[in-house]
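start.cif (mmCIF, C-alpha atoms)
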data_input
loop_
_atom_site.label_atom_id
_atom_site.label_comp_id
_atom_site.auth_asym_id
_atom_site.auth_seq_id
_atom_site.Cartn_x
_atom_site.Cartn_y
_atom_site.Cartn_z
CA MET A 1 45.06 98.55 23.30
CA MET A 2 46.27 97.12 26.61
CA PHE A 3 43.23 94.86 26.82
CA LEU A 4 43.57 93.84 23.16
CA ARG A 5 47.19 92.82 23.59
CA LEU A 6 46.48 90.93 26.79
CA ALA A 7 43.51 89.09 25.33
CA ILE A 8 45.40 88.03 22.20
CA VAL A 9 48.58 87.04 24.03
CA PHE A 10 46.69 85.12 26.70
CA LEU A 11 44.66 83.20 24.15
CA LEU A 12 47.72 82.43 22.03
CA LEU A 13 49.54 81.00 25.02
CA LEU A 14 46.61 78.72 25.89
CA LEU A 15 46.22 77.80 22.11
CA PRO A 16 49.91 72.32 24.34
CA PHE A 17 51.25 55.63 34.18
CA ASP A 18 48.53 54.12 34.88
CA LEU A 19 46.96 54.03 31.46
CA LEU A 20 43.39 53.56 32.64
CA ALA A 21 40.59 56.04 32.05
CA ALA A 22 40.48 58.76 34.72
CA GLY A 23 37.65 58.13 37.16
CA ASP A 24 34.96 60.26 38.74
CA ARG A 25 37.41 61.61 41.31
CA TYR A 26 39.31 63.57 38.70
CA GLY A 27 39.54 67.07 40.18
CA TYR A 28 40.02 69.35 37.19
CA PRO A 29 37.19 71.86 37.74
CA ILE A 30 36.18 73.33 34.36
CA GLU A 31 33.39 71.37 32.70
CA GLY A 32 32.99 73.21 29.38
CA ALA A 33 35.30 72.15 26.55
CA TYR A 34 35.74 75.65 25.10
CA GLU A 35 36.06 77.29 28.51
CA ALA A 36 38.71 74.78 29.60
CA THR A 37 40.65 75.37 26.39
CA ILE A 38 40.71 79.13 26.87
CA LEU A 39 41.20 79.28 30.64
CA GLY A 40 43.53 76.36 31.14
CA THR A 41 44.18 75.29 34.72
CA PRO A 42 43.29 77.54 37.68
CA PRO A 43 46.56 78.89 39.16
CA GLN A 44 46.07 77.20 42.54
CA MET A 45 45.93 73.80 40.80
CA ILE A 46 49.22 74.19 38.94
CA PRO A 47 52.16 72.71 40.91
CA VAL A 48 54.72 75.13 42.31
CA TYR A 49 58.22 73.93 41.50
CA PRO A 50 61.51 75.11 43.02
CA GLU A 51 62.55 78.35 41.33
CA LYS A 52 66.19 77.39 40.93
CA ILE A 53 66.62 75.66 37.58
CA ARG A 54 69.77 75.25 35.53
CA MET A 55 68.30 76.57 32.31
CA ARG A 56 69.43 78.63 29.34
CA SER A 57 68.49 79.47 25.78
CA LEU A 58 70.05 77.67 22.85
CA VAL A 59 70.31 79.56 19.55
CA LEU A 60 70.96 76.96 16.87
CA ASP A 61 72.39 77.43 13.39
CA VAL A 62 70.25 74.66 11.93
CA LEU A 63 70.54 75.74 8.28
CA PRO A 64 73.94 77.49 7.90
CA GLU A 65 73.25 78.30 4.24
CA ARG A 66 69.95 80.05 4.98
CA VAL A 67 69.75 83.69 3.79
CA LYS A 68 67.11 85.60 5.75
CA PRO A 69 65.15 88.59 4.43
CA PRO A 70 65.89 91.93 6.13
CA ILE A 71 62.48 91.98 7.86
CA PHE A 72 63.68 89.05 9.98
CA PHE A 73 66.84 90.87 11.08
CA TYR A 74 66.20 89.85 14.69
CA ASP A 75 66.18 86.12 13.96
CA THR A 76 69.70 84.85 14.70
CA GLY A 77 68.86 81.16 14.78
CA LEU A 78 66.40 78.56 16.04
CA ARG A 79 65.60 79.27 19.67
CA CYS A 80 65.31 76.31 22.03
CA THR A 81 65.39 76.08 25.82
CA PHE A 82 67.76 73.73 27.64
CA ALA A 83 67.54 72.62 31.27
CA TRP A 84 70.13 70.19 32.63
CA GLN A 85 71.01 68.08 35.63
CA LYS A 86 74.49 67.83 37.12
CA LYS A 87 74.39 64.04 37.00
CA LYS A 88 73.61 61.42 34.38
CA ALA A 89 69.91 61.52 33.57
CA PRO A 90 67.36 60.80 30.83
CA LEU A 91 66.76 63.59 28.33
CA VAL A 92 63.31 64.50 27.03
CA PHE A 93 62.64 66.63 23.96
CA LEU A 94 59.40 68.65 24.19
CA ILE A 95 57.61 69.82 21.02
CA ALA A 96 55.28 72.83 21.28
CA GLY A 97 51.77 73.05 19.85
CA THR A 98 50.54 75.12 16.91
CA GLY A 99 52.26 78.48 16.63
CA ALA A 100 53.98 78.23 20.02
CA SER A 101 57.57 79.13 20.80
CA ASP A 102 60.09 77.20 22.87
CA ARG A 103 59.05 79.35 25.87
CA ALA A 104 55.27 78.94 25.68
CA ASP A 105 53.73 78.81 29.15
CA LYS A 106 52.55 75.22 28.86
CA LEU A 107 55.92 74.09 27.55
CA ILE A 108 57.80 75.75 30.41
CA THR A 109 55.47 74.16 32.96
CA MET A 110 56.22 70.79 31.39
CA LEU A 111 59.93 71.58 31.44
CA LYS A 112 59.76 72.37 35.17
CA ALA A 113 57.87 69.15 35.88
CA PHE A 114 60.46 67.02 34.09
CA TYR A 115 63.39 68.95 35.51
CA HIS A 116 62.04 68.59 39.06
CA ALA A 117 61.73 64.82 38.40
CA GLY A 118 65.41 64.60 37.42
CA PHE A 119 65.33 64.85 33.60
CA HIS A 120 67.42 66.91 31.21
CA VAL A 121 65.01 68.85 28.96
CA ILE A 122 65.19 70.54 25.56
CA THR A 123 62.11 72.41 24.33
CA LEU A 124 61.51 73.15 20.65
CA PRO A 125 59.15 75.62 18.98
CA SER A 126 56.42 74.40 16.69
CA PRO A 127 57.30 74.16 12.99
CA THR A 128 54.35 76.55 12.53
CA ASN A 129 56.11 79.17 14.66
CA ALA A 130 57.74 82.01 12.67
CA ASN A 131 61.16 81.40 14.26
CA PHE A 132 61.10 77.77 13.09
CA ILE A 133 59.91 78.71 9.60
CA VAL A 134 62.69 81.28 9.22
CA SER A 135 65.54 79.30 10.81
CA ALA A 136 64.80 75.57 10.61
CA SER A 137 62.21 74.74 7.93
CA ARG A 138 63.82 73.60 4.71
CA SER A 139 60.73 74.30 2.58
CA CYS A 140 59.50 77.26 4.67
CA ILE A 141 55.98 75.94 3.98
CA PRO A 142 54.71 74.41 7.24
CA GLY A 143 51.85 71.99 7.66
CA ASP A 144 53.04 68.67 6.24
CA LEU A 145 53.59 66.17 9.04
CA THR A 146 56.32 64.27 7.21
CA ASP A 147 58.36 67.32 6.15
CA ASP A 148 57.90 69.21 9.41
CA SER A 149 58.88 66.17 11.48
CA ALA A 150 62.04 65.70 9.41
CA ASP A 151 62.90 69.34 10.13
CA LEU A 152 62.23 68.79 13.83
CA TYR A 153 64.44 65.73 13.84
CA HIS A 154 67.26 67.68 12.21
CA ALA A 155 66.84 70.46 14.80
CA MET A 156 67.04 67.88 17.59
CA GLU A 157 70.26 66.53 16.13
CA VAL A 158 71.77 70.03 16.08
CA ALA A 159 70.58 70.72 19.64
CA TRP A 160 72.03 67.44 20.90
CA GLU A 161 75.34 68.11 19.18
CA LYS A 162 75.47 71.50 20.92
CA VAL A 163 74.96 70.17 24.47
CA ARG A 164 76.31 66.61 24.36
CA GLY A 165 79.69 67.67 25.80
CA GLU A 166 77.99 69.20 28.85
CA ILE A 167 75.72 66.42 30.07
CA GLU A 168 75.52 62.65 30.50
CA VAL A 169 72.38 61.08 29.07
CA SER A 170 70.99 57.69 30.09
CA SER A 171 68.19 57.62 27.49
CA PHE A 172 66.35 59.83 25.00
CA ASN A 173 62.62 60.49 25.21
CA LEU A 174 60.08 62.55 23.29
CA CYS A 175 56.86 64.36 24.16
CA GLY A 176 54.64 66.80 22.27
CA TYR A 177 51.26 68.39 22.75
CA SER A 178 48.47 69.13 20.24
CA LEU A 179 50.05 69.37 16.77
CA GLY A 180 53.36 68.66 18.52
CA GLY A 181 51.85 65.36 19.66
CA ASP A 182 51.17 64.29 16.09
CA GLN A 183 54.65 65.40 15.09
CA ALA A 184 56.15 63.38 17.95
CA ALA A 185 54.67 60.24 16.38
CA PHE A 186 56.19 61.03 12.98
CA VAL A 187 59.55 61.96 14.54
CA ALA A 188 59.59 58.65 16.42
CA LYS A 189 58.89 56.75 13.21
CA LEU A 190 61.72 58.59 11.46
CA ASP A 191 64.05 57.71 14.32
CA GLU A 192 63.37 54.01 13.78
CA ASP A 193 65.24 54.38 10.49
CA ARG A 194 67.92 56.87 11.48
CA GLN A 195 68.46 55.60 15.04
CA VAL A 196 70.22 58.73 16.26
CA PHE A 197 68.24 58.78 19.51
CA ASN A 198 66.47 55.40 19.76
CA PHE A 199 63.76 57.00 21.87
CA ARG A 200 62.91 54.97 24.94
CA LYS A 201 59.43 56.46 25.42
CA VAL A 202 57.23 58.80 23.38
CA LEU A 203 54.11 60.56 24.67
CA MET A 204 51.49 62.31 22.52
CA ILE A 205 49.29 64.76 24.46
CA ASP A 206 45.92 65.70 22.91
CA PRO A 207 46.95 64.86 19.33
CA SER A 208 44.56 65.01 16.39
CA VAL A 209 43.63 61.87 14.52
CA SER A 210 43.36 64.06 11.40
CA ILE A 211 44.87 67.55 11.33
CA TYR A 212 42.55 68.48 8.46
CA THR A 213 39.47 67.40 10.41
CA SER A 214 40.58 69.20 13.58
CA ILE A 215 41.23 72.48 11.79
CA THR A 216 37.90 72.18 10.01
CA ARG A 217 36.26 71.98 13.43
CA ILE A 218 38.16 75.08 14.59
CA GLU A 219 37.11 77.02 11.50
CA ASP A 220 33.50 75.93 12.01
CA LEU A 221 33.47 77.60 15.45
CA LEU A 222 33.67 80.99 13.76
CA LYS A 223 30.53 80.23 11.78
CA LYS A 224 28.55 80.08 15.04
CA VAL A 225 29.23 83.66 16.13
CA PRO A 226 26.58 86.29 15.30
CA GLY A 227 27.01 87.31 11.67
CA GLY A 228 29.24 84.36 10.82
CA PRO A 229 32.96 84.30 9.94
CA HIS A 230 32.88 87.57 7.99
CA GLN A 231 31.97 89.48 11.17
CA GLU A 232 34.94 88.32 13.23
CA GLY A 233 36.21 91.87 13.78
CA ILE A 234 32.88 93.05 15.17
CA PHE A 235 32.61 89.90 17.28
CA PHE A 236 36.09 90.29 18.74
CA ASN A 237 35.51 93.96 19.59
CA ARG A 238 32.29 93.06 21.36
CA MET A 239 34.04 90.38 23.41
CA LEU A 240 36.82 92.80 24.25
CA SER A 241 34.33 95.43 25.38
CA ARG A 242 32.70 92.93 27.73
CA PHE A 243 36.12 91.92 29.00
CA SER A 244 37.05 95.57 29.73
CA GLU A 245 33.70 96.37 31.33
CA TYR A 246 34.03 93.51 33.79
CA TYR A 247 37.54 94.56 34.71
CA ARG A 248 36.47 98.14 35.45
CA SER A 249 33.58 96.97 37.65
CA SER A 250 35.54 94.32 39.58
CA ASN A 251 37.98 94.51 42.48
CA PHE A 252 40.93 93.11 40.52
CA VAL A 253 44.10 95.16 40.33
CA THR A 254 45.96 93.01 37.80
CA LEU A 255 44.83 91.16 34.68
CA ASN A 256 45.93 87.63 35.52
CA ASP A 257 44.75 84.02 35.40
CA GLU A 258 42.62 84.46 38.52
CA PHE A 259 40.77 87.35 36.87
CA LEU A 260 40.02 85.29 33.76
CA TYR A 261 38.91 82.30 35.82
CA THR A 262 36.52 84.56 37.76
CA MET A 263 35.08 85.77 34.44
CA TYR A 264 34.40 82.14 33.59
CA ARG A 265 32.61 81.51 36.90
CA GLU A 266 30.43 84.56 36.25
CA ARG A 267 29.33 83.03 32.91
CA LEU A 268 30.04 86.23 30.98
CA PHE A 269 30.53 84.38 27.71
CA SER A 270 28.26 81.85 26.04
CA SER A 271 29.61 78.55 24.73
CA GLU A 272 29.37 79.85 21.15
CA GLU A 273 31.27 83.01 22.09
CA THR A 274 34.11 81.12 23.77
CA GLY A 275 34.31 78.84 20.74
CA GLY A 276 34.49 81.90 18.51
CA LEU A 277 37.40 83.29 20.55
CA ILE A 278 39.29 80.03 20.05
CA SER A 279 38.72 80.21 16.30
CA LEU A 280 39.84 83.86 16.16
CA THR A 281 43.00 82.98 18.05
CA PHE A 282 43.72 80.24 15.53
CA ARG A 283 43.22 82.71 12.66
CA ILE A 284 45.76 85.10 14.23
CA ASN A 285 48.25 82.25 14.64
CA LEU A 286 47.63 81.10 11.09
CA GLY A 287 48.10 84.61 9.75
CA GLY A 288 51.53 84.95 11.34
CA MET A 289 52.55 81.58 9.95
CA ILE A 290 51.39 82.43 6.42
CA PHE A 291 53.14 85.80 6.46
CA ALA A 292 56.48 84.30 7.55
CA SER A 293 56.20 81.53 4.97
CA ASP A 294 55.25 83.90 2.15
CA VAL A 295 58.17 86.25 2.84
CA MET A 296 60.66 83.38 3.11
CA THR A 297 59.53 81.76 -0.16
CA ASN A 298 58.89 85.01 -2.07
CA SER A 299 55.67 83.42 -3.29
CA GLY A 300 53.73 86.66 -3.70
CA TYR A 301 50.74 85.23 -1.81
CA ILE A 302 50.41 88.19 0.59
CA VAL A 303 53.46 90.35 0.05
CA PRO A 304 54.03 91.32 -3.62
CA LYS A 305 56.61 89.10 -5.26
CA ASN A 306 60.20 90.43 -5.07
CA LYS A 307 59.21 93.17 -2.62
CA VAL A 308 61.95 93.45 0.02
CA LEU A 309 60.45 94.38 3.37
CA MET A 310 62.72 96.39 5.63
CA GLN A 311 62.74 96.87 9.38
CA SER A 312 61.04 100.26 9.06
CA ASP A 313 58.18 99.05 6.84
CA SER A 314 54.67 98.87 8.30
CA LEU A 315 53.27 95.34 8.39
CA TYR A 316 49.73 96.32 9.38
CA ASP A 317 48.14 95.77 5.97
CA TYR A 318 49.82 92.39 5.60
CA PHE A 319 48.65 91.41 9.08
CA MET A 320 45.07 92.36 8.24
CA VAL A 321 45.13 90.34 5.02
CA SER A 322 46.80 87.26 6.52
CA SER A 323 44.61 87.16 9.65
CA HIS A 324 41.46 87.05 7.50
CA LEU A 325 42.63 84.04 5.53
CA SER A 326 41.01 80.74 6.41
CA PHE A 327 42.91 77.48 6.69
CA PHE A 328 41.16 76.24 3.55
CA GLU A 329 42.39 79.20 1.54
CA TYR A 330 45.94 78.51 2.75
CA PHE A 331 45.61 74.79 2.03
CA ASN A 332 44.02 75.06 -1.43
CA GLU A 333 45.77 78.15 -2.79
CA TYR A 334 49.25 77.92 -1.26
CA PHE A 335 50.01 74.65 0.53
CA TYR A 336 48.61 72.18 -2.01
CA PRO A 337 50.12 73.81 -5.15
CA TYR A 338 53.59 73.62 -3.58
CA PHE A 339 53.35 69.92 -2.78
CA GLN A 340 51.68 69.11 -6.07
CA SER A 341 54.68 70.66 -7.84
CA LYS A 342 56.96 68.37 -5.81
CA ARG A 343 54.80 65.26 -6.20
CA PRO A 344 53.12 65.24 -9.64
CA GLY A 345 49.74 63.55 -9.57
CA LEU A 346 49.13 64.32 -5.89
CA THR A 347 45.48 65.13 -5.17
CA ILE A 348 44.13 67.42 -2.48
CA GLN A 349 42.44 64.43 -0.86
CA GLN A 350 45.72 62.50 -0.72
CA LEU A 351 47.56 65.45 0.81
CA ALA A 352 44.86 65.94 3.46
CA ALA A 353 44.87 62.22 4.27
CA ALA A 354 48.65 62.31 4.78
CA GLN A 355 48.16 64.77 7.66
CA SER A 356 46.73 62.05 9.86
CA LEU A 357 47.79 59.38 12.31
CA LYS A 358 46.01 56.93 10.05
CA SER A 359 48.80 57.33 7.50
CA ILE A 360 51.23 55.65 9.95
CA GLU A 361 48.78 53.54 11.94
CA GLY A 362 50.67 50.32 11.22
CA TYR A 363 53.72 51.74 12.99
CA LEU A 364 51.71 53.20 15.88
CA ALA A 365 49.77 50.01 16.51
CA ASN A 366 52.95 47.97 16.94
CA THR A 367 55.16 50.38 18.88
CA PRO A 368 54.72 49.81 22.63
CA LYS A 369 56.95 52.73 23.61
CA ILE A 370 54.33 55.25 22.37
CA GLY A 371 51.59 56.44 24.75
CA VAL A 372 48.71 58.86 24.21
CA VAL A 373 46.77 61.21 26.48
CA ALA A 374 43.39 62.58 25.39
CA ASN A 375 40.32 64.30 26.84
CA GLU A 376 36.79 62.97 26.45
CA ASN A 377 35.46 66.42 25.56
CA ASP A 378 38.25 67.60 23.25
CA PHE A 379 36.26 69.47 20.61
CA LEU A 380 39.01 68.89 18.02
CA MET A 381 38.06 65.22 17.93
CA GLY A 382 35.79 64.34 15.04
CA PRO A 383 33.07 61.67 15.18
CA GLY A 384 34.64 58.30 15.97
CA ASP A 385 38.14 59.74 16.59
CA LEU A 386 38.30 58.80 20.26
CA GLU A 387 37.11 55.29 19.52
CA TYR A 388 39.76 55.07 16.81
CA LEU A 389 42.46 55.99 19.33
CA ARG A 390 41.12 53.40 21.78
CA ASN A 391 41.25 50.68 19.13
CA LEU A 392 44.68 51.74 17.90
CA PHE A 393 46.48 52.19 21.22
CA GLY A 394 44.45 50.08 23.64
CA PRO A 395 45.92 50.30 27.17
CA ARG A 396 48.52 52.82 25.94
CA LEU A 397 45.78 55.47 25.78
CA LYS A 398 44.69 57.45 28.83
CA VAL A 399 41.46 59.44 28.57
CA TYR A 400 40.50 62.17 31.02
CA PRO A 401 36.78 62.98 31.37
CA LYS A 402 37.22 66.72 30.76
CA GLY A 403 39.76 69.39 29.92
CA GLY A 404 38.79 70.44 26.40
CA HIS A 405 41.86 70.80 24.23
CA LEU A 406 44.96 71.14 26.45
CA GLY A 407 43.01 72.92 29.20
CA ASN A 408 44.14 70.42 31.83
CA LEU A 409 47.71 70.01 30.62
CA GLU A 410 49.10 71.99 33.58
CA TYR A 411 46.79 70.37 36.15
CA ARG A 412 48.83 68.69 38.90
CA ASP A 413 47.45 65.17 38.35
CA ASN A 414 48.12 65.36 34.60
CA LEU A 415 51.70 66.53 35.12
CA GLU A 416 52.39 63.80 37.68
CA GLU A 417 51.12 61.08 35.34
CA MET A 418 52.96 62.61 32.39
CA VAL A 419 56.26 62.33 34.25
CA ALA A 420 55.39 58.87 35.58
CA PHE A 421 54.93 57.62 32.00
CA PHE A 422 58.65 58.25 31.38
CA ARG A 423 59.91 56.53 34.54
#

Go ahead and express the file in the form of structure tokens.
Amino acid sequence: MMFLRLAIVFLLLLLPFDLLAAGDRYGYPIEGAYEATILGTPPQMIPVYPEKIRMRSLVLDVLPERVKPPIFFYDTGLRCTFAWQKKKAPLVFLIAGTGASDRADKLITMLKAFYHAGFHVITLPSPTNANFIVSASRSCIPGDLTDDSADLYHAMEVAWEKVRGEIEVSSFNLCGYSLGGDQAAFVAKLDEDRQVFNFRKVLMIDPSVSIYTSITRIEDLLKKVPGGPHQEGIFFNRMLSRFSEYYRSSNFVTLNDEFLYTMYRERLFSSEETGGLISLTFRINLGGMIFASDVMTNSGYIVPKNKVLMQSDSLYDYFMVSSHLSFFEYFNEYFYPYFQSKRPGLTIQQLAAAQSLKSIEGYLANTPKIGVVANENDFLMGPGDLEYLRNLFGPRLKVYPKGGHLGNLEYRDNLEEMVAFFR
């Protein structure tokens, strides 16, 4: 069980300016897209920042009227992380990627980079994170870029109201990675109307052109494992056995990033196997999201309608059911019917198209404060997606030659250029 927990937790945490393309001297070492996504940045290539940081948790009462089911007894409010300077400084909001909390490893590394550079920082969990669904999502049905971004914007307003008496702010800025990158674009557009923050700069890191296309590509990875998507349990157990075997035969004392990077150098997993692990991790994330949403809405999708789950109830069976659901089942059977009931006449194709940067491309094309970072070998990009971003953003797009999806986010050069964008 120790290896199982470590493998799942590690994978979940990894699963987010000179705006010219990075050249041949780019030093990020992992060539494979899947391997980079899983392994991230080798520890020795992640900057070491001063340990002393003025930082604390914020627990926000975003929806005071919200009544929470007993199973979520531990959820006392939306959890954000706040780091502040003693002097007047710019503030940057950071939005996590799919399923991630306000304390995800990548998010905290970004926080440290900005804090070290003199910024105030507030990190927010992803709207697909259970804490956000329970405490900050008005519909409790995550996945719509417009609705989720409005919820994020409201959470930012509450967070700012909570800390505004403690700090002096010279400007507001916004940054998000992966799904959080797409949401940053929609939040910025919303702010043009509401003008609460008037963001000075906005950076999207490894966003998807189309969320629907990107998730389709993730789901397709599971089809490549031996036996196909219906054998994911057998596949995962086999990967775990190989993981454990290598640990027992090696000289490592602890299961850390260095151990996992060594496994990569030894080529213990094929490209298809590493892709399958990414897809399994997504399924686990998705399952947690669906469960939280179903309980909050009392939809009866997984948990029987009107069943009140208590703290002592076993959730194992619900976990097994939810983790075997595909994104398409969630989208067609749960997500789409909800939005169709709110918007009569809405088609599945229209709803899928709305989860795309193309739905706001007019705004993005004419907003110079928005920049984008992408990787040449990001497997979430569909055919023509990178070229689309180049045409849409021009010199505001920076493309690295490798890094997979978010694998190089913590690499020292990436962090330096990320901070430099906001100078």

For this session: Calculate how many Å separate CA of Gly99 (chain A) from CA of Pro125 (chain A), rounding to one decimal.
Result: 7.8 Å

Pull out every residue that the PyMOL selection byres ((chain A and resi 102) around 12) matches in the shown coordinates and put them as a short mmCIF file (atom, residue, chain, number, x, y, z; two decimals) with C-alpha atoms, keeping the file's coordinate frame.
data_model
loop_
_atom_site.label_atom_id
_atom_site.label_comp_id
_atom_site.auth_asym_id
_atom_site.auth_seq_id
_atom_site.Cartn_x
_atom_site.Cartn_y
_atom_site.Cartn_z
CA LEU A 13 49.54 81.00 25.02
CA PRO A 16 49.91 72.32 24.34
CA ARG A 56 69.43 78.63 29.34
CA SER A 57 68.49 79.47 25.78
CA LEU A 58 70.05 77.67 22.85
CA VAL A 59 70.31 79.56 19.55
CA LEU A 78 66.40 78.56 16.04
CA ARG A 79 65.60 79.27 19.67
CA CYS A 80 65.31 76.31 22.03
CA THR A 81 65.39 76.08 25.82
CA PHE A 82 67.76 73.73 27.64
CA PHE A 93 62.64 66.63 23.96
CA LEU A 94 59.40 68.65 24.19
CA ILE A 95 57.61 69.82 21.02
CA ALA A 96 55.28 72.83 21.28
CA GLY A 97 51.77 73.05 19.85
CA THR A 98 50.54 75.12 16.91
CA GLY A 99 52.26 78.48 16.63
CA ALA A 100 53.98 78.23 20.02
CA SER A 101 57.57 79.13 20.80
CA ARG A 103 59.05 79.35 25.87
CA ALA A 104 55.27 78.94 25.68
CA ASP A 105 53.73 78.81 29.15
CA LYS A 106 52.55 75.22 28.86
CA LEU A 107 55.92 74.09 27.55
CA ILE A 108 57.80 75.75 30.41
CA THR A 109 55.47 74.16 32.96
CA MET A 110 56.22 70.79 31.39
CA LEU A 111 59.93 71.58 31.44
CA VAL A 121 65.01 68.85 28.96
CA ILE A 122 65.19 70.54 25.56
CA THR A 123 62.11 72.41 24.33
CA LEU A 124 61.51 73.15 20.65
CA PRO A 125 59.15 75.62 18.98
CA SER A 126 56.42 74.40 16.69
CA PRO A 127 57.30 74.16 12.99
CA THR A 128 54.35 76.55 12.53
CA ASN A 129 56.11 79.17 14.66
CA ALA A 130 57.74 82.01 12.67
CA ASN A 131 61.16 81.40 14.26
CA PHE A 132 61.10 77.77 13.09
CA GLY A 176 54.64 66.80 22.27
CA GLY A 180 53.36 68.66 18.52
#

For this session: Calculate how many Å separate CA of Leu415 (chain A) from CA of Asp151 (chain A), rounding to one decimal.
Result: 27.5 Å

Produce the centre coordinates and the three edge lengths, each in Å to one decimal, of the box along x, y and z that contains all listed atoms of region 371-379 of chain A with 3 Å added on each side, as AutoDock Vina command-line options.
--center_x 43.5 --center_y 63.0 --center_z 23.7 --size_x 22.1 --size_y 19.0 --size_z 12.2

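Counting from CA of Gln183 (chain A), the distance to CA of Gly143 (chain A) is 10.3 Å.
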
For this session: Taking the file as shown, find all residues satisfying the PyMOL selection byres ((chain A and resi 138) around 8) and write them as a ChimeraX atom specification.
Result: /A:63,136-137,139-140,151

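If you measure from each of A:Pro207, A:Pro69, A:Gly276, A:Pro368 to Ser178 (chain A) using all atoms listed in the file, the closest one turns out to be A:Pro207.
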
For this session: Let me know the residues the PyMOL selection byres ((chain A and resi 294) around 12) catches in the file above, as a PyMOL selection string.
Result: chain A and resi 69+130+133-134+139-142+287-293+295-309+318+322+330+334-335+338

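Between Leu351 (chain A) and the residues A:Leu179, A:Ile211, A:Leu280, A:Ile370, the shortest atom-to-atom distance, using all atoms listed in the file, involves A:Ile211.
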
Exercise. Taking (67.1, 63.3, 11.5) in the file's coordinates as the center, which residues reach within 8 Å of it, counting all atoms listed in the file, put as a VMD selection string?
Worked result: chain A and resid 150 to 157 190 to 191 194 196

Same residues, C-alpha atoms, output as a short mmCIF file (atom, residue, chain, number, x, y, z; two decimals), in the frame of the given file:
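File out-v3.cif, as written:
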data_model
loop_
_atom_site.label_atom_id
_atom_site.label_comp_id
_atom_site.auth_asym_id
_atom_site.auth_seq_id
_atom_site.Cartn_x
_atom_site.Cartn_y
_atom_site.Cartn_z
CA ALA A 150 62.04 65.70 9.41
CA ASP A 151 62.90 69.34 10.13
CA LEU A 152 62.23 68.79 13.83
CA TYR A 153 64.44 65.73 13.84
CA HIS A 154 67.26 67.68 12.21
CA ALA A 155 66.84 70.46 14.80
CA MET A 156 67.04 67.88 17.59
CA GLU A 157 70.26 66.53 16.13
CA LEU A 190 61.72 58.59 11.46
CA ASP A 191 64.05 57.71 14.32
CA ARG A 194 67.92 56.87 11.48
CA VAL A 196 70.22 58.73 16.26
#

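Neighbours of Asn198 (chain A) closer than or equal to 12 Å, with all atoms listed in the file counted and sequence neighbours fewer than 2 positions away skipped, come out as Leu91, Ser170, Ser171, Phe172, Asn173, Leu174, Val187, Ala188, Lys189, Leu190, Asp191, Glu192, Asp193, Arg194, Gln195, Val196, Arg200, Lys201, Val202 and Lys369 of chain A.
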
Find the spatial neighbours of Ser210 (chain A), counting all atoms listed in the file, within a cut-off of 8 Å - ignore same-chain residues fewer than 2 positions away - and output them as a PDB file with C-alpha atoms, in the coordinates of the input.
ATOM      1  CA  SER A 208      44.560  65.010  16.390  1.00  0.00           C
ATOM      2  CA  TYR A 212      42.550  68.480   8.460  1.00  0.00           C
ATOM      3  CA  THR A 213      39.470  67.400  10.410  1.00  0.00           C
ATOM      4  CA  SER A 214      40.580  69.200  13.580  1.00  0.00           C
ATOM      5  CA  ALA A 353      44.870  62.220   4.270  1.00  0.00           C
ATOM      6  CA  GLN A 355      48.160  64.770   7.660  1.00  0.00           C
ATOM      7  CA  SER A 356      46.730  62.050   9.860  1.00  0.00           C
ATOM      8  CA  LEU A 357      47.790  59.380  12.310  1.00  0.00           C
ATOM      9  CA  LYS A 358      46.010  56.930  10.050  1.00  0.00           C
TER      10      LYS A 358
END

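For the set A:Ile53, A:Leu389, A:Ile71, A:Leu221, the residue with the smallest atom-to-atom gap to Ala83 (chain A) is A:Ile53, counting all atoms listed in the file.
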
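For the set A:Phe331, A:Phe339, A:Tyr49, A:Tyr316, the residue with the smallest atom-to-atom gap to Tyr115 (chain A) is A:Tyr49, counting only C-alpha atoms.
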